[in-house]
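For reference, model-v6.cif is printed below; it contains mmCIF, C-alpha atoms.
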data_final
#
loop_
_atom_site.label_atom_id
_atom_site.label_comp_id
_atom_site.auth_asym_id
_atom_site.auth_seq_id
_atom_site.Cartn_x
_atom_site.Cartn_y
_atom_site.Cartn_z
CA GLY A 1241 -54.14 7.92 3.27
CA GLY A 1242 -54.57 4.87 1.09
CA ALA A 1243 -50.91 3.81 1.35
CA LYS A 1244 -50.35 0.09 1.51
CA LEU A 1245 -47.56 -1.42 3.59
CA VAL A 1246 -45.97 -4.58 2.29
CA VAL A 1247 -43.38 -6.25 4.50
CA GLU A 1248 -41.10 -8.91 3.06
CA VAL A 1249 -39.54 -10.70 6.04
CA MET A 1250 -36.40 -12.76 5.75
CA TRP A 1251 -35.88 -14.68 8.98
CA GLU A 1252 -32.32 -14.74 10.28
CA SER A 1253 -31.15 -17.99 11.75
CA GLY A 1254 -29.71 -18.13 15.25
CA GLY A 1255 -30.40 -15.93 18.25
CA SER A 1256 -33.77 -15.01 19.61
CA GLY A 1257 -34.47 -12.04 17.33
CA VAL A 1258 -35.40 -11.70 13.70
CA GLY A 1259 -34.33 -9.27 11.05
CA ALA A 1260 -35.82 -8.31 7.75
CA ARG A 1261 -35.25 -6.34 4.62
CA THR A 1262 -38.51 -4.70 3.88
CA VAL A 1263 -40.10 -2.54 1.26
CA ARG A 1264 -43.00 -0.18 1.68
CA VAL A 1265 -45.19 0.32 -1.32
CA GLY A 1266 -47.12 3.59 -1.19
CA ALA A 1267 -50.33 4.53 -2.92
CA GLY A 1268 -48.39 5.51 -6.05
CA GLY A 1269 -46.38 2.30 -6.07
CA THR A 1270 -43.26 3.96 -4.60
CA ARG A 1271 -40.79 1.48 -3.20
CA ARG A 1272 -38.93 2.62 -0.09
CA ALA A 1273 -36.32 0.78 1.93
CA ILE A 1274 -37.21 -0.02 5.52
CA ALA A 1275 -35.10 -1.76 8.14
CA ALA A 1276 -36.95 -4.10 10.44
CA CYS A 1277 -35.98 -5.95 13.55
CA GLY A 1278 -38.04 -7.82 16.02
CA ALA A 1279 -38.41 -10.63 18.45
CA PRO A 1280 -40.92 -13.44 18.90
CA MET A 1281 -43.66 -13.05 21.51
CA ARG A 1282 -44.22 -16.21 23.54
CA ASP A 1283 -47.00 -17.37 25.83
CA CYS A 1284 -46.41 -18.80 29.33
CA GLY A 1285 -45.54 -22.18 27.83
CA GLY A 1286 -42.91 -20.73 25.46
CA VAL A 1287 -45.06 -21.12 22.34
CA ILE A 1288 -44.65 -18.32 19.80
CA ILE A 1289 -47.93 -16.43 19.57
CA GLY A 1290 -46.80 -13.38 17.65
CA MET A 1291 -43.93 -11.09 16.88
CA ALA A 1292 -42.95 -7.59 18.01
CA LEU A 1293 -41.58 -5.78 14.97
CA VAL A 1294 -39.95 -2.35 14.73
CA LEU A 1295 -39.72 -0.70 11.32
CA ARG A 1296 -37.41 2.17 10.38
CA GLU A 1297 -37.28 3.88 7.01
CA ARG A 1298 -33.82 3.60 5.39
CA THR A 1299 -34.34 5.09 1.92
CA ASP A 1300 -32.26 8.23 2.60
CA GLU A 1301 -29.69 6.15 4.49
CA ARG A 1302 -29.31 3.76 1.55
CA ALA A 1303 -28.98 6.67 -0.90
CA ALA A 1304 -26.27 8.21 1.30
CA GLU A 1305 -24.47 4.84 1.49
CA GLN A 1306 -24.54 4.58 -2.30
CA LYS A 1307 -23.20 8.13 -2.72
CA LEU A 1308 -20.41 7.36 -0.23
CA GLN A 1309 -19.47 4.21 -2.15
CA GLU A 1310 -19.42 6.17 -5.41
CA SER A 1311 -17.30 8.90 -3.80
CA GLU A 1312 -14.82 6.34 -2.44
CA ALA A 1313 -14.55 4.73 -5.88
CA LEU A 1314 -13.86 8.13 -7.48
CA LEU A 1315 -11.24 8.92 -4.82
CA LYS A 1316 -9.46 5.62 -5.47
CA GLN A 1317 -9.55 6.20 -9.22
CA SER A 1318 -8.26 9.78 -8.78
CA GLN A 1319 -5.44 8.57 -6.55
CA ARG A 1320 -4.50 5.89 -9.07
CA ILE A 1321 -4.39 8.37 -11.96
CA ALA A 1322 -2.38 10.97 -10.00
CA ARG A 1323 -0.23 8.28 -8.30
CA VAL A 1324 -1.10 9.78 -4.91
CA GLY A 1325 -1.70 7.83 -1.72
CA HIS A 1326 -2.60 9.03 1.75
CA PHE A 1327 -1.59 8.13 5.29
CA SER A 1328 -2.41 8.91 8.89
CA LEU A 1329 0.40 8.73 11.44
CA ASP A 1330 -0.28 8.34 15.16
CA VAL A 1331 2.64 10.41 16.44
CA THR A 1332 2.46 8.97 19.97
CA THR A 1333 2.91 5.37 18.79
CA GLY A 1334 4.85 6.04 15.58
CA ARG A 1335 2.44 3.80 13.64
CA TRP A 1336 0.68 4.78 10.43
CA THR A 1337 -2.17 3.54 8.30
CA SER A 1338 -2.23 3.95 4.54
CA SER A 1339 -4.46 3.89 1.51
CA GLN A 1340 -4.29 1.08 -1.02
CA MET A 1341 -2.62 3.44 -3.50
CA LEU A 1342 0.11 4.36 -1.01
CA ASP A 1343 0.77 0.66 -0.43
CA GLU A 1344 1.19 0.29 -4.21
CA ILE A 1345 3.56 3.27 -4.38
CA PHE A 1346 5.68 1.84 -1.54
CA GLY A 1347 5.34 -1.70 -2.90
CA ILE A 1348 4.21 -3.04 0.49
CA ASP A 1349 1.61 -5.56 1.59
CA ALA A 1350 -0.59 -5.86 4.66
CA GLY A 1351 2.23 -7.45 6.68
CA TYR A 1352 4.65 -4.55 6.30
CA GLU A 1353 5.64 -2.82 9.56
CA ARG A 1354 3.92 0.56 9.30
CA THR A 1355 6.12 2.54 11.66
CA VAL A 1356 8.33 5.59 11.24
CA GLU A 1357 11.30 3.22 11.23
CA GLY A 1358 9.64 1.07 8.55
CA TRP A 1359 9.12 4.17 6.41
CA LEU A 1360 12.72 5.32 6.94
CA ASN A 1361 13.98 1.88 5.90
CA MET A 1362 12.49 2.50 2.43
CA VAL A 1363 14.34 5.81 2.04
CA VAL A 1364 17.59 5.38 0.11
CA PRO A 1365 20.56 5.03 2.52
CA GLU A 1366 22.21 8.28 1.41
CA GLN A 1367 19.05 10.30 2.31
CA ARG A 1368 17.94 8.34 5.38
CA ALA A 1369 19.76 10.37 8.07
CA ALA A 1370 18.65 13.69 6.56
CA MET A 1371 15.03 12.52 6.33
CA HIS A 1372 15.15 11.28 9.93
CA GLU A 1373 16.43 14.68 11.09
CA TYR A 1374 13.95 16.59 8.91
CA PHE A 1375 11.00 14.61 10.23
CA GLY A 1376 12.12 14.58 13.86
CA GLN A 1377 13.36 18.15 14.15
CA HIS A 1378 11.62 20.27 11.52
CA VAL A 1379 8.23 18.54 11.64
CA LEU A 1380 7.73 16.96 15.07
CA GLN A 1381 9.77 19.25 17.33
CA GLU A 1382 9.18 22.54 15.52
CA GLY A 1383 5.60 21.70 14.46
CA ASN A 1384 6.04 22.50 10.78
CA PRO A 1385 4.17 20.82 7.93
CA PHE A 1386 5.95 17.98 6.13
CA ASN A 1387 6.85 19.02 2.57
CA LYS A 1388 9.72 17.08 1.08
CA GLU A 1389 10.84 15.26 -2.06
CA TYR A 1390 12.86 12.11 -1.43
CA LEU A 1391 13.94 8.85 -3.01
CA ILE A 1392 12.87 5.38 -1.86
CA ILE A 1393 13.62 1.83 -2.84
CA ARG A 1394 10.24 0.18 -3.28
CA GLU A 1395 9.87 -3.00 -1.24
CA SER A 1396 8.18 -5.22 -3.85
CA ASP A 1397 10.55 -4.81 -6.79
CA LYS A 1398 13.46 -2.76 -5.34
CA ALA A 1399 12.80 -0.01 -7.91
CA GLU A 1400 13.88 3.51 -7.02
CA ARG A 1401 10.99 6.00 -6.93
CA TRP A 1402 11.00 9.74 -6.34
CA LEU A 1403 8.23 10.81 -3.98
CA HIS A 1404 6.78 14.10 -2.81
CA GLY A 1405 5.36 13.95 0.68
CA LEU A 1406 3.00 16.50 2.22
CA GLY A 1407 1.68 16.28 5.78
CA ASN A 1408 -0.04 18.41 8.41
CA LEU A 1409 0.09 17.87 12.14
CA GLU A 1410 -2.80 17.96 14.58
CA PHE A 1411 -1.98 18.98 18.14
CA ASP A 1412 -3.47 18.18 21.55
CA ASP A 1413 -4.58 20.88 24.00
CA ASP A 1414 -1.01 21.18 25.32
CA GLY A 1415 0.41 21.84 21.86
CA HIS A 1416 1.99 18.41 21.38
CA PRO A 1417 1.65 16.75 17.96
CA VAL A 1418 -0.62 13.71 18.07
CA VAL A 1419 -1.55 12.93 14.45
CA MET A 1420 -0.11 13.71 11.06
CA PHE A 1421 -2.29 13.26 7.99
CA GLY A 1422 -0.71 13.51 4.60
CA THR A 1423 -0.28 12.48 1.01
CA ILE A 1424 2.60 10.98 -0.90
CA GLN A 1425 2.83 11.29 -4.67
CA ASP A 1426 5.04 9.24 -6.95
CA ILE A 1427 6.80 11.94 -9.04
CA THR A 1428 9.33 9.63 -10.68
CA GLU A 1429 8.00 10.23 -14.19
#
Hey, can you dump this file as structure tokens for me?
Amino acid sequence: GGAKLVVEVMWESGGSGVGARTVRVGAGGTRRAIAACGAPMRDCGGVIIGMALVLRERTDERAAEQKLQESEALLKQSQRIARVGHFSLDVTTGRWTSSQMLDEIFGIDAGYERTVEGWLNMVVPEQRAAMHEYFGQHVLQEGNPFNKEYLIIRESDKAERWLHGLGNLEFDDDGHPVVMFGTIQDITE
């Protein structure tokens, strides 16, 4: 009812399709995000005679994306203030992924071997065997949550840091642990 549609097309190079960032301007001048994609229509001789264009409103999607970005930024800031990082361990492979803050706590970079063995190598030698037994027996075999304070030697600067690790296991249908998600906090101070 009286709404005007304005499409601002930005042609993408390469391929046979086109893409666009578009804006719809309603009767009240409201700007709304719309995603557009399309392809040229050709006649028998291959000459472009038109374009088939599909439009999809993205205003709510963009607002959700912005809220997610803001939430991620707040999470990172909260982790930095509390000196808490998080990880996810694939129990079947023994490999883990980590947050940026956990990498800072451990003093590791992207090339560090993120395995159970790599983690144990950071634990001070006098605690390493006990931590290996605790993790293997108490957590993995008995299915208990991980809840332990321990001392590491940070990779980047060889500083000793006291950490408090918390982790919960997820199990498959047969009751075998498959994933452990957890947090590690630097409690040195």
For region 1272-1328 of chain A versus region 1347-1355 of chain A, which residues have an atom no more than 12 Å away, and what is each residue's nearest atom pair and distance in Å rounded to one decimal, using only C-alpha atoms, chain-then-number order, as JSON lines?
{"residue": "A:Gly1325", "atom": "CA", "partner": "A:Gly1347", "partner_atom": "CA", "distance": 11.9}
{"residue": "A:Phe1327", "atom": "CA", "partner": "A:Arg1354", "partner_atom": "CA", "distance": 10.2}
{"residue": "A:Ser1328", "atom": "CA", "partner": "A:Arg1354", "partner_atom": "CA", "distance": 10.5}
Subject >> Residue neighbourhood region 1283-1297 of chain A, 8 Å, only C-alpha atoms, exclusion window fewer than 4 positions, as an MDAnalysis selection string >> reply: chainID A and resid 1272:1279
**OP:** Given the file shown, enumerate the residues that the PyMOL selection byres ((chain A and resi 1334) around 12) captures and present them as JSON, numbers by chain.
**Re:** {"A": [1328, 1329, 1330, 1331, 1332, 1333, 1335, 1336, 1337, 1353, 1354, 1355, 1356, 1357, 1358, 1359, 1360, 1375, 1376, 1380, 1417, 1418, 1419, 1420]}
Original post:
Which residue, A:Met1281, A:Leu1409, A:Gln1306, A:Thr1428, has the smallest gap to His1378 (chain A) when you use all atoms listed in the file?
Top reply: A:Leu1409
**OP:** One decimal, Å: what's the distance from CA of Asn1384 (chain A) over to CA of Trp1402 (chain A), could you say?
**Re:**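 Straight-line distance from CA of Asn1384 (chain A) to CA of Trp1402 (chain A) works out to 21.9 Å.
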Original post:
Which distance in Å separates CA of Ile1393 (chain A) and CA of Arg1323 (chain A), to one decimal?
Top reply: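 Straight-line distance from CA of Ile1393 (chain A) to CA of Arg1323 (chain A) works out to 16.2 Å.
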**OP:** Compare A:Asp1300, A:Arg1282, A:Thr1423, A:Glu1429 by their minimum atom-to-atom distance to Ser1339 (chain A), counting all atoms listed in the file, and give me the closest one.
**Re:**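 Closest to Ser1339 (chain A), using all atoms listed in the file: A:Thr1423.
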Using only C-alpha atoms, collect all residues at a distance of at most 12 Å from (0.5, 11.2, -4.2) as written in the file, then present them as a PDB file with C-alpha atoms, in the coordinates of the input.
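Dumped everything to selection01.pdb:
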ATOM      1  CA  LEU A1315     -11.240   8.920  -4.820  1.00  0.00           C
ATOM      2  CA  LYS A1316      -9.460   5.620  -5.470  1.00  0.00           C
ATOM      3  CA  SER A1318      -8.260   9.780  -8.780  1.00  0.00           C
ATOM      4  CA  GLN A1319      -5.440   8.570  -6.550  1.00  0.00           C
ATOM      5  CA  ARG A1320      -4.500   5.890  -9.070  1.00  0.00           C
ATOM      6  CA  ILE A1321      -4.390   8.370 -11.960  1.00  0.00           C
ATOM      7  CA  ALA A1322      -2.380  10.970 -10.000  1.00  0.00           C
ATOM      8  CA  ARG A1323      -0.230   8.280  -8.300  1.00  0.00           C
ATOM      9  CA  VAL A1324      -1.100   9.780  -4.910  1.00  0.00           C
ATOM     10  CA  GLY A1325      -1.700   7.830  -1.720  1.00  0.00           C
ATOM     11  CA  HIS A1326      -2.600   9.030   1.750  1.00  0.00           C
ATOM     12  CA  PHE A1327      -1.590   8.130   5.290  1.00  0.00           C
ATOM     13  CA  SER A1338      -2.230   3.950   4.540  1.00  0.00           C
ATOM     14  CA  SER A1339      -4.460   3.890   1.510  1.00  0.00           C
ATOM     15  CA  GLN A1340      -4.290   1.080  -1.020  1.00  0.00           C
ATOM     16  CA  MET A1341      -2.620   3.440  -3.500  1.00  0.00           C
ATOM     17  CA  LEU A1342       0.110   4.360  -1.010  1.00  0.00           C
ATOM     18  CA  ASP A1343       0.770   0.660  -0.430  1.00  0.00           C
ATOM     19  CA  GLU A1344       1.190   0.290  -4.210  1.00  0.00           C
ATOM     20  CA  ILE A1345       3.560   3.270  -4.380  1.00  0.00           C
ATOM     21  CA  PHE A1346       5.680   1.840  -1.540  1.00  0.00           C
ATOM     22  CA  GLU A1389      10.840  15.260  -2.060  1.00  0.00           C
ATOM     23  CA  TRP A1402      11.000   9.740  -6.340  1.00  0.00           C
ATOM     24  CA  LEU A1403       8.230  10.810  -3.980  1.00  0.00           C
ATOM     25  CA  HIS A1404       6.780  14.100  -2.810  1.00  0.00           C
ATOM     26  CA  GLY A1405       5.360  13.950   0.680  1.00  0.00           C
ATOM     27  CA  LEU A1406       3.000  16.500   2.220  1.00  0.00           C
ATOM     28  CA  GLY A1407       1.680  16.280   5.780  1.00  0.00           C
ATOM     29  CA  GLY A1422      -0.710  13.510   4.600  1.00  0.00           C
ATOM     30  CA  THR A1423      -0.280  12.480   1.010  1.00  0.00           C
ATOM     31  CA  ILE A1424       2.600  10.980  -0.900  1.00  0.00           C
ATOM     32  CA  GLN A1425       2.830  11.290  -4.670  1.00  0.00           C
ATOM     33  CA  ASP A1426       5.040   9.240  -6.950  1.00  0.00           C
ATOM     34  CA  ILE A1427       6.800  11.940  -9.040  1.00  0.00           C
ATOM     35  CA  THR A1428       9.330   9.630 -10.680  1.00  0.00           C
TER      36      THR A1428
END
Subject >> d(CA of Pro1385 (chain A), CA of Ala1370 (chain A)) in Å >> reply: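 These two atoms are separated by 16.2 Å.
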Original post:
Nearest to Arg1394 (chain A) among A:Gln1317, A:Leu1308, A:Met1362, A:Arg1298, with distances taken over all atoms listed in the file: which residue is it?
Top reply: A:Met1362
